[in-house]
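Novice: Next comes the structure file my_file.txt, holding compact mmCIF, C-alpha atoms.
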# COMPACT_ATOMS: atom_id res chain seq x y z
CA MET A 957 -32.55 -49.58 33.11
CA ALA A 958 -35.83 -51.45 33.05
CA GLY A 959 -37.48 -48.59 31.25
CA ARG A 960 -35.10 -48.60 28.33
CA PRO A 961 -36.71 -51.18 26.06
CA GLU A 962 -40.05 -49.49 26.59
CA ARG A 963 -38.60 -46.17 25.58
CA GLY A 964 -37.21 -47.85 22.48
CA ALA A 965 -40.65 -49.19 21.62
CA TRP A 966 -42.15 -45.78 22.26
CA ALA A 967 -39.62 -44.14 19.96
CA GLN A 968 -40.34 -46.75 17.33
CA ALA A 969 -44.07 -46.15 17.58
CA SER A 970 -43.85 -42.38 17.71
CA GLN A 971 -41.42 -41.82 14.85
CA PRO A 972 -43.92 -42.53 12.03
CA MET A 973 -46.51 -40.36 13.73
CA LEU A 974 -44.05 -37.52 14.25
CA ALA A 975 -43.09 -37.77 10.58
CA LEU A 976 -46.76 -37.61 9.57
CA LEU A 977 -47.38 -34.63 11.86
CA LEU A 978 -44.44 -32.69 10.46
CA ARG A 979 -45.35 -33.55 6.87
CA ASP A 980 -48.94 -32.35 7.23
CA ILE A 981 -47.97 -29.16 9.05
CA ARG A 982 -45.35 -28.48 6.38
CA LEU A 983 -47.94 -29.05 3.66
CA SER A 984 -50.40 -26.65 5.25
CA ILE A 985 -47.76 -23.93 5.39
CA ARG A 986 -46.48 -24.43 1.85
CA ALA A 987 -48.14 -22.72 -1.09
CA GLY A 988 -51.63 -24.04 -1.75
CA GLY A 989 -51.86 -25.53 1.71
CA GLY A 990 -54.80 -23.39 2.67
CA ALA A 991 -53.56 -22.39 6.12
CA LEU A 992 -54.40 -18.77 5.33
CA THR A 993 -57.85 -19.39 3.82
CA GLY A 994 -59.45 -19.95 7.19
CA VAL A 995 -57.85 -16.90 8.78
CA ILE A 996 -58.89 -14.65 5.93
CA PHE A 997 -62.46 -15.97 6.07
CA PHE A 998 -62.46 -15.42 9.84
CA LEU A 999 -61.17 -11.88 9.36
CA ALA A 1000 -63.75 -11.14 6.66
CA VAL A 1001 -66.69 -12.29 8.78
CA ILE A 1002 -65.62 -10.40 11.93
CA ALA A 1003 -64.73 -7.26 10.00
CA THR A 1004 -68.16 -7.07 8.34
CA ILE A 1005 -70.24 -7.70 11.48
CA PRO A 1006 -69.85 -4.15 12.90
CA PHE A 1007 -71.03 -2.69 9.60
CA GLY A 1008 -74.10 -4.88 9.62
CA VAL A 1009 -74.97 -4.55 13.30
CA GLY A 1010 -74.31 -0.82 13.47
CA PRO A 1011 -72.16 1.34 15.69
CA ASP A 1012 -73.74 0.28 18.98
CA LEU A 1013 -70.57 -0.46 20.95
CA ASN A 1014 -72.35 -2.09 23.89
CA LEU A 1015 -74.25 -4.41 21.61
CA LEU A 1016 -71.05 -5.37 19.78
CA ALA A 1017 -69.29 -6.10 23.06
CA ARG A 1018 -72.22 -8.23 24.20
CA ILE A 1019 -72.42 -10.38 21.06
CA GLY A 1020 -68.63 -10.39 20.58
CA PRO A 1021 -67.82 -13.84 22.02
CA ALA A 1022 -70.70 -15.49 20.18
CA ILE A 1023 -69.72 -13.91 16.87
CA LEU A 1024 -66.08 -14.88 17.31
CA TRP A 1025 -67.09 -18.44 18.08
CA ILE A 1026 -69.51 -18.76 15.17
CA ALA A 1027 -66.99 -17.29 12.74
CA ALA A 1028 -64.24 -19.57 14.05
CA LEU A 1029 -66.55 -22.58 13.78
CA LEU A 1030 -67.37 -21.82 10.15
CA ALA A 1031 -63.73 -21.09 9.34
CA CYS A 1032 -62.80 -24.47 10.86
CA LEU A 1033 -65.24 -26.24 8.57
CA LEU A 1034 -63.83 -24.50 5.54
CA GLY A 1035 -60.69 -26.55 5.05
CA LEU A 1036 -61.95 -29.84 6.43
CA ASP A 1037 -62.87 -31.42 3.11
CA ARG A 1038 -59.20 -31.50 2.13
CA LEU A 1039 -58.20 -33.42 5.26
CA PHE A 1040 -58.29 -36.81 3.53
CA GLN A 1041 -59.23 -35.86 0.00
CA ALA A 1042 -55.81 -34.41 -0.85
CA ASP A 1043 -54.22 -37.66 0.28
CA ARG A 1044 -56.76 -39.68 -1.65
CA GLU A 1045 -56.13 -37.84 -4.89
CA ASP A 1046 -52.40 -38.54 -4.96
CA GLY A 1047 -52.66 -42.09 -3.63
CA SER A 1048 -51.12 -41.39 -0.22
CA LEU A 1049 -54.33 -42.36 1.54
CA ASP A 1050 -54.00 -45.95 0.30
CA LEU A 1051 -50.60 -46.22 1.91
CA LEU A 1052 -51.71 -44.49 5.11
CA VAL A 1053 -54.67 -46.85 5.43
CA ARG A 1054 -52.49 -49.82 4.52
CA GLY A 1055 -50.19 -48.91 7.40
CA HIS A 1056 -52.88 -49.97 9.88
CA ASP A 1057 -51.03 -53.17 10.53
CA ARG A 1058 -48.11 -51.31 12.05
CA HIS A 1059 -49.91 -48.38 13.60
CA MET A 1060 -53.57 -48.13 14.44
CA LEU A 1061 -55.44 -46.22 11.76
CA ALA A 1062 -57.29 -44.19 14.41
CA LEU A 1063 -53.92 -42.97 15.67
CA THR A 1064 -52.93 -41.95 12.15
CA VAL A 1065 -56.21 -40.05 11.85
CA LEU A 1066 -55.68 -38.41 15.25
CA VAL A 1067 -52.25 -37.21 14.17
CA LYS A 1068 -53.64 -35.89 10.90
CA CYS A 1069 -56.30 -34.02 12.90
CA LEU A 1070 -53.69 -32.51 15.19
CA ALA A 1071 -51.61 -31.41 12.21
CA HIS A 1072 -54.68 -29.94 10.53
CA TRP A 1073 -55.57 -28.14 13.75
CA ALA A 1074 -52.07 -26.77 14.20
CA GLY A 1075 -51.83 -25.70 10.56
CA SER A 1076 -55.29 -24.30 9.88
CA VAL A 1077 -57.13 -23.70 13.16
CA LEU A 1078 -54.43 -22.52 15.53
CA PRO A 1079 -53.92 -19.37 13.40
CA LEU A 1080 -57.60 -18.58 14.06
CA VAL A 1081 -57.06 -18.83 17.79
CA VAL A 1082 -54.04 -16.56 17.50
CA ALA A 1083 -56.00 -14.03 15.42
CA ALA A 1084 -59.03 -14.10 17.74
CA PRO A 1085 -57.74 -11.57 20.33
CA LEU A 1086 -57.03 -9.03 17.61
CA LEU A 1087 -60.47 -9.53 16.08
CA GLY A 1088 -61.98 -9.27 19.56
CA LEU A 1089 -60.87 -5.64 19.52
CA PHE A 1090 -63.02 -5.11 16.42
CA MET A 1091 -65.98 -6.21 18.51
CA ASN A 1092 -65.17 -3.77 21.32
CA MET A 1093 -64.68 -6.62 23.79
CA GLU A 1094 -62.95 -6.04 27.09
CA ALA A 1095 -59.66 -7.72 27.93
CA ALA A 1096 -61.15 -10.44 30.15
CA GLY A 1097 -63.68 -11.35 27.49
CA ILE A 1098 -61.04 -11.50 24.79
CA GLY A 1099 -58.80 -13.69 26.94
CA ALA A 1100 -61.65 -16.02 27.84
CA THR A 1101 -62.81 -16.33 24.25
CA ALA A 1102 -59.30 -17.07 23.01
CA LEU A 1103 -58.88 -19.66 25.76
CA THR A 1104 -62.20 -21.37 25.01
CA LEU A 1105 -61.35 -21.38 21.30
CA LEU A 1106 -57.99 -22.95 22.09
CA VAL A 1107 -59.64 -25.70 24.12
CA GLY A 1108 -62.78 -26.13 22.03
CA THR A 1109 -61.70 -25.95 18.39
CA PRO A 1110 -59.85 -29.31 18.41
CA ALA A 1111 -63.23 -30.92 19.09
CA ILE A 1112 -64.56 -29.39 15.87
CA THR A 1113 -61.61 -30.82 13.94
CA PHE A 1114 -62.16 -34.28 15.46
CA ILE A 1115 -65.86 -34.31 14.56
CA GLY A 1116 -64.97 -32.88 11.17
CA ALA A 1117 -62.52 -35.72 10.55
CA ALA A 1118 -65.36 -38.22 10.78
CA GLY A 1119 -67.37 -36.17 8.29
CA ALA A 1120 -64.37 -35.78 6.00
CA ALA A 1121 -63.74 -39.53 6.08
CA VAL A 1122 -67.33 -40.30 5.15
CA ALA A 1123 -67.28 -37.83 2.26
CA VAL A 1124 -63.73 -38.58 1.10
CA ALA A 1125 -64.80 -40.17 -2.17
CA LEU A 1126 -67.16 -37.36 -3.15
CA PRO A 1127 -65.70 -34.83 -5.56
CA ARG A 1128 -67.50 -31.83 -4.00
CA GLY A 1129 -67.82 -33.07 -0.48
CA GLY A 1130 -67.13 -29.76 1.24
CA LEU A 1131 -70.74 -28.71 1.60
CA LEU A 1132 -71.86 -32.18 2.62
CA ILE A 1133 -69.22 -32.26 5.33
CA SER A 1134 -70.40 -28.91 6.70
CA VAL A 1135 -74.01 -30.11 6.74
CA LEU A 1136 -73.03 -33.41 8.38
CA VAL A 1137 -70.74 -31.86 10.93
CA LEU A 1138 -72.48 -28.64 11.89
CA PRO A 1139 -75.24 -30.17 14.05
CA LEU A 1140 -72.67 -32.21 15.94
CA THR A 1141 -70.59 -29.15 16.73
CA ILE A 1142 -73.48 -27.29 18.38
CA PRO A 1143 -72.68 -28.54 21.92
CA VAL A 1144 -69.09 -27.33 21.50
CA LEU A 1145 -70.39 -23.95 20.38
CA ILE A 1146 -72.87 -23.69 23.27
CA PHE A 1147 -70.35 -24.48 25.99
CA GLY A 1148 -67.62 -22.44 24.34
CA VAL A 1149 -69.80 -19.33 24.16
CA SER A 1150 -71.31 -19.77 27.62
CA ALA A 1151 -67.84 -20.13 29.16
CA SER A 1152 -66.73 -16.98 27.33
CA TYR A 1153 -69.77 -15.10 28.68
CA GLY A 1154 -69.16 -16.54 32.12
CA ALA A 1155 -65.83 -14.76 32.27
CA VAL A 1156 -67.40 -11.31 31.82
CA ALA A 1157 -71.06 -11.50 32.94
CA ASP A 1158 -71.10 -11.79 36.69
CA PRO A 1159 -73.70 -14.36 37.76
CA ALA A 1160 -72.84 -16.76 34.94
CA PRO A 1161 -70.16 -19.32 35.81
CA PHE A 1162 -66.97 -19.72 33.76
CA LEU A 1163 -65.38 -22.87 35.12
CA GLN A 1164 -68.25 -25.33 34.72
CA PRO A 1165 -68.96 -24.77 31.01
CA PHE A 1166 -65.22 -24.53 30.40
CA LEU A 1167 -64.61 -27.93 31.98
CA ILE A 1168 -67.47 -29.45 29.99
CA LEU A 1169 -65.90 -27.96 26.87
CA ALA A 1170 -62.57 -29.57 27.76
CA ALA A 1171 -64.36 -32.86 28.40
CA LEU A 1172 -66.09 -32.65 25.01
CA THR A 1173 -62.73 -32.16 23.32
CA LEU A 1174 -61.19 -35.14 25.12
CA PHE A 1175 -64.22 -37.32 24.40
CA LEU A 1176 -64.26 -36.42 20.72
CA ALA A 1177 -60.48 -36.88 20.46
CA VAL A 1178 -61.23 -40.59 20.92
CA LEU A 1179 -64.57 -40.92 19.19
CA GLY A 1180 -63.85 -38.77 16.12
CA PRO A 1181 -60.68 -40.56 14.95
CA LEU A 1182 -62.21 -43.98 15.67
CA ALA A 1183 -65.26 -43.16 13.55
CA ALA A 1184 -63.11 -41.63 10.81
CA ALA A 1185 -60.82 -44.69 10.78
CA LEU A 1186 -63.82 -46.97 10.42
CA ALA A 1187 -65.17 -44.90 7.54
CA LEU A 1188 -61.78 -44.84 5.80
CA ARG A 1189 -61.28 -48.60 6.18
CA HIS A 1190 -64.60 -49.25 4.47
CA GLY A 1191 -64.45 -46.38 2.04
CA THR A 1192 -61.38 -47.43 0.06
CA ASP A 1193 -62.11 -48.65 -3.43
CA MET B 837 -39.25 -69.87 4.31
CA MET B 838 -41.53 -67.14 3.13
CA ARG B 839 -44.53 -67.83 0.92
CA LEU B 840 -47.38 -65.73 -0.43
CA ILE B 841 -50.48 -67.81 -0.97
CA ALA B 842 -53.77 -66.85 -2.54
CA GLU B 843 -56.61 -69.34 -2.50
CA ASN B 844 -59.71 -69.18 -4.67
CA LEU B 845 -59.61 -65.39 -4.64
CA GLY B 846 -62.59 -63.44 -5.88
CA GLY B 847 -62.93 -59.67 -6.16
CA GLU B 848 -65.79 -57.35 -6.86
CA ARG B 849 -66.24 -53.70 -7.64
CA GLY B 850 -69.51 -51.94 -6.99
CA GLY B 851 -71.21 -55.25 -6.29
CA GLU B 852 -70.19 -56.78 -9.61
CA THR B 853 -67.80 -59.70 -9.71
CA VAL B 854 -64.63 -58.78 -11.58
CA PHE B 855 -62.78 -62.03 -11.15
CA ALA B 856 -63.15 -65.26 -9.22
CA GLY B 857 -61.24 -68.41 -8.47
CA ILE B 858 -57.74 -66.94 -8.68
CA GLY B 859 -55.14 -68.93 -6.84
CA PHE B 860 -51.36 -68.93 -6.71
CA ALA B 861 -48.50 -69.68 -4.38
CA LEU B 862 -45.21 -67.83 -4.61
CA GLU B 863 -42.03 -68.96 -2.91
CA LYS B 864 -39.36 -66.48 -2.05
CA GLY B 865 -37.46 -65.33 -5.11
CA GLU B 866 -40.47 -65.86 -7.37
CA ALA B 867 -42.39 -63.30 -9.37
CA LEU B 868 -45.89 -63.34 -10.77
CA VAL B 869 -46.73 -61.19 -13.78
CA VAL B 870 -50.44 -60.50 -14.13
CA THR B 871 -51.59 -59.58 -17.62
CA GLY B 872 -54.92 -59.11 -19.30
CA PRO B 873 -57.05 -56.59 -21.14
CA ASN B 874 -58.28 -53.37 -19.57
CA GLY B 875 -61.00 -54.01 -17.03
CA ALA B 876 -59.95 -57.60 -16.43
CA GLY B 877 -59.41 -56.83 -12.75
CA LYS B 878 -55.61 -56.63 -12.53
CA SER B 879 -55.64 -53.56 -10.31
CA THR B 880 -58.51 -54.93 -8.27
CA LEU B 881 -56.56 -58.13 -7.71
CA LEU B 882 -53.56 -56.18 -6.46
CA ARG B 883 -55.74 -54.06 -4.20
CA VAL B 884 -57.32 -57.19 -2.77
CA ILE B 885 -53.90 -58.71 -2.10
CA ALA B 886 -52.74 -55.44 -0.52
CA GLY B 887 -55.74 -55.50 1.78
CA LEU B 888 -57.19 -52.27 0.40
CA LEU B 889 -60.26 -54.07 -0.86
CA ARG B 890 -62.05 -56.89 0.88
CA ALA B 891 -61.90 -60.16 -0.99
CA ALA B 892 -65.35 -61.27 -2.10
CA GLU B 893 -64.23 -64.84 -1.49
CA GLY B 894 -61.09 -66.77 -0.73
CA ARG B 895 -58.11 -65.40 1.11
CA VAL B 896 -54.52 -64.27 0.88
CA GLN B 897 -51.93 -65.13 3.45
CA VAL B 898 -48.25 -65.02 4.16
CA GLU B 899 -46.43 -68.00 5.59
CA GLY B 900 -43.14 -67.82 7.36
CA GLY B 901 -42.98 -64.04 7.54
CA GLY B 902 -41.56 -64.28 11.04
CA GLU B 903 -42.05 -61.67 13.69
CA ALA B 904 -41.42 -58.68 11.44
CA PHE B 905 -43.93 -59.59 8.72
CA PRO B 906 -46.68 -61.70 10.27
CA THR B 907 -49.48 -60.61 7.93
CA VAL B 908 -49.82 -59.74 4.26
CA ALA B 909 -50.52 -56.11 5.14
CA ALA B 910 -47.28 -55.85 7.09
CA ALA B 911 -45.14 -57.60 4.48
CA VAL B 912 -46.25 -55.70 1.40
CA HIS B 913 -45.12 -52.64 -0.53
CA TYR B 914 -47.94 -51.40 -2.73
CA LEU B 915 -47.01 -49.27 -5.73
CA GLY B 916 -50.31 -48.15 -7.18
CA HIS B 917 -50.87 -46.26 -10.40
CA LEU B 918 -50.84 -43.07 -8.32
CA ASN B 919 -47.47 -42.02 -6.99
CA ALA B 920 -48.49 -41.13 -3.41
CA MET B 921 -46.12 -38.17 -3.31
CA LYS B 922 -46.88 -34.57 -2.41
CA THR B 923 -46.19 -32.08 -5.17
CA ALA B 924 -45.53 -29.25 -2.69
CA LEU B 925 -42.77 -31.15 -0.87
CA SER B 926 -39.33 -31.89 -2.23
CA VAL B 927 -38.53 -35.38 -3.49
CA ALA B 928 -36.26 -36.02 -0.52
CA GLU B 929 -38.87 -34.80 1.97
CA ASN B 930 -41.43 -37.14 0.42
CA LEU B 931 -39.11 -40.12 0.59
CA ARG B 932 -37.96 -39.31 4.10
CA PHE B 933 -41.59 -39.23 5.19
CA TRP B 934 -42.43 -42.63 3.71
CA ARG B 935 -39.24 -44.07 5.13
CA ASP B 936 -40.17 -42.88 8.63
CA PHE B 937 -43.82 -43.80 8.24
CA CYS B 938 -43.31 -47.30 6.84
CA GLY B 939 -40.46 -48.21 9.17
CA GLU B 940 -37.89 -50.95 8.52
CA PRO B 941 -35.51 -48.45 6.89
CA ALA B 942 -33.36 -49.93 4.12
CA LEU B 943 -31.51 -47.62 1.72
CA GLY B 944 -30.87 -43.98 2.54
CA VAL B 945 -32.86 -41.37 0.65
CA ASP B 946 -29.92 -40.12 -1.43
CA GLU B 947 -28.80 -43.65 -2.13
CA ALA B 948 -32.28 -44.70 -3.26
CA LEU B 949 -32.55 -41.69 -5.57
CA GLU B 950 -29.12 -42.53 -6.98
CA THR B 951 -30.32 -46.08 -7.62
CA VAL B 952 -33.30 -44.97 -9.70
CA GLY B 953 -31.15 -42.46 -11.56
CA LEU B 954 -32.43 -39.33 -9.86
CA GLY B 955 -29.28 -38.47 -7.94
CA GLY B 956 -28.85 -34.77 -7.21
CA ILE B 957 -32.47 -33.71 -7.64
CA GLY B 958 -33.74 -34.61 -4.17
CA HIS B 959 -34.07 -30.93 -3.30
CA LEU B 960 -36.56 -30.21 -6.11
CA PRO B 961 -40.29 -30.08 -5.38
CA PHE B 962 -41.94 -33.27 -6.57
CA GLY B 963 -44.30 -31.17 -8.69
CA TYR B 964 -41.39 -30.02 -10.89
CA LEU B 965 -40.57 -33.53 -12.10
CA SER B 966 -41.66 -35.04 -15.40
CA THR B 967 -44.01 -38.04 -15.52
CA GLY B 968 -41.18 -40.55 -15.86
CA GLN B 969 -39.13 -38.92 -13.13
CA ARG B 970 -42.16 -38.98 -10.82
CA ARG B 971 -42.57 -42.67 -11.45
CA ARG B 972 -38.90 -43.26 -10.69
CA ALA B 973 -39.13 -41.26 -7.46
CA SER B 974 -42.14 -43.35 -6.56
CA ILE B 975 -40.13 -46.51 -7.26
CA ALA B 976 -37.44 -45.18 -4.91
CA LYS B 977 -40.14 -45.41 -2.23
CA LEU B 978 -39.88 -49.21 -2.51
CA LEU B 979 -36.20 -49.00 -1.69
CA VAL B 980 -36.17 -46.72 1.36
CA SER B 981 -38.00 -49.16 3.59
CA HIS B 982 -37.76 -52.91 3.41
CA ARG B 983 -40.71 -55.15 2.57
CA PRO B 984 -40.32 -58.69 1.26
CA ILE B 985 -43.33 -58.54 -1.07
CA TRP B 986 -43.75 -55.91 -3.78
CA LEU B 987 -47.15 -55.37 -5.38
CA LEU B 988 -46.67 -53.32 -8.51
CA ASP B 989 -49.51 -51.85 -10.55
CA GLU B 990 -48.24 -50.82 -14.00
CA PRO B 991 -44.85 -50.01 -12.49
CA THR B 992 -43.18 -48.99 -15.74
CA ALA B 993 -45.92 -46.68 -17.03
CA GLY B 994 -44.23 -43.52 -18.29
CA LEU B 995 -40.67 -44.86 -18.00
CA ASP B 996 -38.19 -44.64 -20.85
CA LYS B 997 -36.21 -47.62 -22.16
CA ALA B 998 -33.17 -47.05 -19.96
CA SER B 999 -35.28 -46.62 -16.83
CA GLU B 1000 -37.28 -49.74 -17.65
CA GLU B 1001 -34.06 -51.73 -17.81
CA ARG B 1002 -32.79 -50.21 -14.59
CA PHE B 1003 -36.09 -51.08 -12.91
CA ALA B 1004 -35.91 -54.65 -14.24
CA GLY B 1005 -32.48 -54.85 -12.60
CA LEU B 1006 -33.94 -53.59 -9.33
CA MET B 1007 -36.67 -56.23 -9.44
CA ARG B 1008 -34.15 -58.98 -10.18
CA GLY B 1009 -32.09 -57.77 -7.23
CA HIS B 1010 -35.12 -57.88 -4.99
CA LEU B 1011 -35.92 -61.44 -6.10
CA GLU B 1012 -32.32 -62.56 -5.59
CA GLU B 1013 -32.50 -61.30 -2.02
CA GLY B 1014 -35.48 -63.58 -1.46
CA GLY B 1015 -38.26 -61.14 -2.20
CA ILE B 1016 -41.57 -61.79 -3.92
CA ILE B 1017 -43.05 -59.65 -6.69
CA VAL B 1018 -46.58 -59.52 -8.03
CA ALA B 1019 -46.83 -57.11 -10.95
CA ALA B 1020 -49.79 -56.16 -13.12
CA THR B 1021 -48.66 -54.85 -16.47
CA HIS B 1022 -49.19 -54.46 -20.19
CA LEU B 1023 -45.53 -54.00 -20.94
CA PRO B 1024 -42.89 -56.71 -20.74
CA LEU B 1025 -41.00 -56.26 -17.49
CA GLY B 1026 -37.85 -58.18 -18.36
CA LEU B 1027 -38.30 -60.78 -15.64
CA GLU B 1028 -37.16 -64.15 -16.90
CA GLY B 1029 -38.71 -67.18 -15.29
CA ALA B 1030 -41.59 -65.25 -13.79
CA LYS B 1031 -44.89 -67.05 -13.40
CA ALA B 1032 -47.67 -65.66 -15.53
CA LEU B 1033 -51.31 -65.13 -14.70
CA ARG B 1034 -53.57 -64.09 -17.53
CA MET B 1035 -56.84 -62.57 -16.43
CA GLY B 1036 -60.05 -61.84 -18.24
CA GLU B 1037 -60.27 -65.08 -20.19
CA VAL B 1038 -63.11 -67.51 -19.91
CA GLY B 1039 -62.07 -70.77 -18.22
Show me, as structure tokens, the structure contained in the file I just sent.
Specialist:
Amino acid sequence: MAGRPERGAWAQASQPMLALLLRDIRLSIRAGGGALTGVIFFLAVIATIPFGVGPDLNLLARIGPAILWIAALLACLLGLDRLFQADREDGSLDLLVRGHDRHMLALTVLVKCLAHWAGSVLPLVVAAPLLGLFMNMEAAGIGATALTLLVGTPAITFIGAAGAAVAVALPRGGLLISVLVLPLTIPVLIFGVSASYGAVADPAPFLQPFLILAALTLFLAVLGPLAAALALRHGTD
Amino acid sequence: MMRLIAENLGGERGGETVFAGIGFALEKGEALVVTGPNGAGKSTLLRVIAGLLRAAEGRVQVEGGGEAFPTVAAAVHYLGHLNAMKTALSVAENLRFWRDFCGEPALGVDEALETVGLGGIGHLPFGYLSTGQRRRASIAKLLVSHRPIWLLDEPTAGLDKASEERFAGLMRGHLEEGGIIVAATHLPLGLEGAKALRMGEVG
């Protein structure tokens, strides 16, 4: 009984966020949403690597996790510039930022990040095992890489949100965002790849880098949206 | 007793002062129509009141908003010159989103569309609508969730005569219910007894 009012407050607080999540996911699926752009880019990069590297199957298997991670990282950055810009162009961003009195802006940003991740990045994670086959990776390596991508790619989106918020007013901010964000994503890449290698190469550990990767994601889930919210609050004009 | 008060308000854009020393106090049921030439700072004034831009000086506050509307930001609907609707989503989906996001639900989505004369087209993608229809759908956004203060930036741009009159009726209804309206416009809005603020004149 005592919990009921709290649940009411929770429902009241979560309904706008749920609505925002569903709207953004719906938008990414609809025509022009760009959910497929990242996957196709990912596919193009992985499919061309064997042609460039040559038919050395052992070499392909060895560099497989790193290539998958790098391609996924770049594919993640591809759609980031639209994260806030699309909302800015049609005026929605004003209303989203104005809502900060009812719901914390950082929370709004976090939800937008989650929707962006689910709409544009999750397809990459789903496609990764298939593309792992292109790289002649063994089952354990494929599983580990997909798992590290699942855990690590949200961190890229969270960092990217801060970059996207800073560059929201720039008409061609995509490149700037990539340049801003790429150095910050290097730790995620390092721990993601080393955990993937840890699963297949014997002396290297899997769990430690994997846990650090998870910690990075959790840390950036707080820091990224806070930084992005700050940038958006001061960037409106 | 709800009041919207602006004291000695100044706004700037890109470091340049656009206006200064604007002050007004609106009781519930009162409207303020802001007029002036292009570049006089009408939109900037509205954005400052809405809290989207920081005031260079002075302040805006709400008195007597109660628990639901303690601050200006919480008490305000802002209708900018952009419609804030997604072209890929249907009109009803757009409105349902803003209703859920803004909270304080008032009219239902179908009912609001009926009120602005767009009944029966809620299923169409917003991108299919004409300019005037888009504006009307955007106006329906004011109706789906309740806010006592409406800030309207050129609300009737692109509307035809009949829609303008219907919108004037909506505004009068809002005022009669104890709302407050601040509108920046070039066109007469059909609000009798509204206070007037003319910007961009020396003195």
Novice: Give as a ChimeraX atom specification every residue of chain B that touches chain A within 7 Å, counting all atoms listed in the file.
Specialist: /B:888-889,909-910,918-921,924,933,936-937
Novice: As an exercise, work out the distance from atom CA of Ala1020 of chain B to atom CA of Leu943 of chain B in Å and give it to one decimal place.
Specialist: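 Computed distance, atom CA of Ala1020 of chain B to atom CA of Leu943 of chain B, equals 25.0 Å.
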Novice: With only C-alpha atoms as the atoms that count, which of B:Ser999, B:Ser974, B:Thr951, B:Thr853 lies nearest to His917 of chain B?
Specialist: B:Ser974
Novice: Quick check, in Å to one decimal: how far apart do atom CA of Val869 of chain B and atom CA of Trp934 of chain B lie?
Specialist: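 It comes out at 25.9 Å.
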Novice: In Å to one decimal, how far is atom CA of Pro991 of chain B from atom CA of Gly847 of chain B?
Specialist: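 Atom CA of Pro991 of chain B lies 21.5 Å from atom CA of Gly847 of chain B.
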Novice: Using all atoms listed in the file, find the one residue out of B:Arg849, B:Arg972, B:Lys922, B:Arg839 that sits nearest to Thr880 of chain B.
Specialist: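 Smallest separation from Thr880 of chain B among the options: B:Arg849.
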Novice: Here's a test: counting all atoms listed in the file, identify every protein, DNA and RNA residue with an atom at most 10 Å from (-46.3, -57.3, -16.9) in the file's coordinate frame, and state them as a ChimeraX atom specification.
Specialist: /B:868-872,988-992,1018-1027,1030,1032-1034
Novice: Pick out the residues sitting within 6 Å of Val980 of chain B, and hand them over as a PyMOL selection string; count all atoms listed in the file, and ignore anything fewer than 5 positions along from it in its own chain.
Specialist: chain B and resi 935+941-943
Novice: From the options A:Ala1003, A:Leu1016, A:Ala991, A:Ala1118, which residue's atoms come nearest to Met1091 of chain A, counting only C-alpha atoms?
Specialist: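 Once distances to Met1091 of chain A are computed over only C-alpha atoms, the minimum belongs to A:Leu1016.
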Novice: Would you list the contacts of Ile1112 of chain A as a list in words, taking every protein, DNA or RNA residue within 8 Å and counting all atoms listed in the file, but skipping same-chain residues closer than 3 positions in sequence?
Specialist: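 Non-adjacent residues within range: Leu1029, Cys1032, Leu1033, Gly1108, Thr1109, Ile1115, Gly1116, Thr1141 and Val1144 of chain A.
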Novice: B:Met1007, B:Leu931, B:Leu925, B:Ile841: which is nearest Leu960 of chain B, counting all atoms listed in the file?
Specialist: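 Among the listed residues, B:Leu925 lies closest to Leu960 of chain B.
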Novice: Output as JSON lines one row per residue of segment 1009-1128 of chain A within 10 Å of segment 1165-1175 of chain A: the closest atom pair and its distance in Å to one decimal place, counting all atoms listed in the file, sorted by chain and residue number ascending.
Specialist:
{"residue": "A:Ala1100", "atom": "CA", "partner": "A:Phe1166", "partner_atom": "CA", "distance": 9.6}
{"residue": "A:Leu1103", "atom": "CA", "partner": "A:Phe1166", "partner_atom": "CA", "distance": 9.2}
{"residue": "A:Thr1104", "atom": "CA", "partner": "A:Phe1166", "partner_atom": "CA", "distance": 6.9}
{"residue": "A:Leu1105", "atom": "CA", "partner": "A:Leu1169", "partner_atom": "CA", "distance": 9.7}
{"residue": "A:Leu1106", "atom": "CA", "partner": "A:Ala1170", "partner_atom": "CA", "distance": 9.8}
{"residue": "A:Val1107", "atom": "CA", "partner": "A:Ala1170", "partner_atom": "CA", "distance": 6.1}
{"residue": "A:Gly1108", "atom": "CA", "partner": "A:Leu1169", "partner_atom": "CA", "distance": 6.0}
{"residue": "A:Thr1109", "atom": "CA", "partner": "A:Thr1173", "partner_atom": "CA", "distance": 8.0}
{"residue": "A:Pro1110", "atom": "CA", "partner": "A:Thr1173", "partner_atom": "CA", "distance": 6.4}
{"residue": "A:Ala1111", "atom": "CA", "partner": "A:Thr1173", "partner_atom": "CA", "distance": 4.4}
{"residue": "A:Ile1112", "atom": "CA", "partner": "A:Thr1173", "partner_atom": "CA", "distance": 8.2}
{"residue": "A:Thr1113", "atom": "CA", "partner": "A:Thr1173", "partner_atom": "CA", "distance": 9.5}
{"residue": "A:Phe1114", "atom": "CA", "partner": "A:Thr1173", "partner_atom": "CA", "distance": 8.2}
{"residue": "A:Ile1115", "atom": "CA", "partner": "A:Thr1173", "partner_atom": "CA", "distance": 9.5}
Novice: Closest to Ala1151 of chain A among A:Ala1177, A:Ile1098, A:Leu1015, A:Leu1131, using all atoms listed in the file?
Specialist: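 The answer is A:Ile1098, which sits nearest to Ala1151 of chain A.
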Novice: Determine the nearest neighbour of Glu893 of chain B from the options B:Glu929, B:Glu1028, B:Glu843, B:Glu852, counting all atoms listed in the file.
Specialist: B:Glu843
Novice: Got a sec: who's within 10 Å of Leu1070 of chain A, counting only C-alpha atoms, leaving out chain neighbours fewer than 2 positions off, as a list of chain:residue names?
Specialist: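 What passes the distance filter is A:Leu977, A:Asp980, A:Ile981, A:Thr1064, A:Val1065, A:Leu1066, A:Val1067, A:Lys1068, A:His1072, A:Trp1073, A:Ala1074, A:Gly1075, A:Ser1076, A:Val1077, A:Pro1110, A:Thr1113, A:Phe1114, A:Ala1177.
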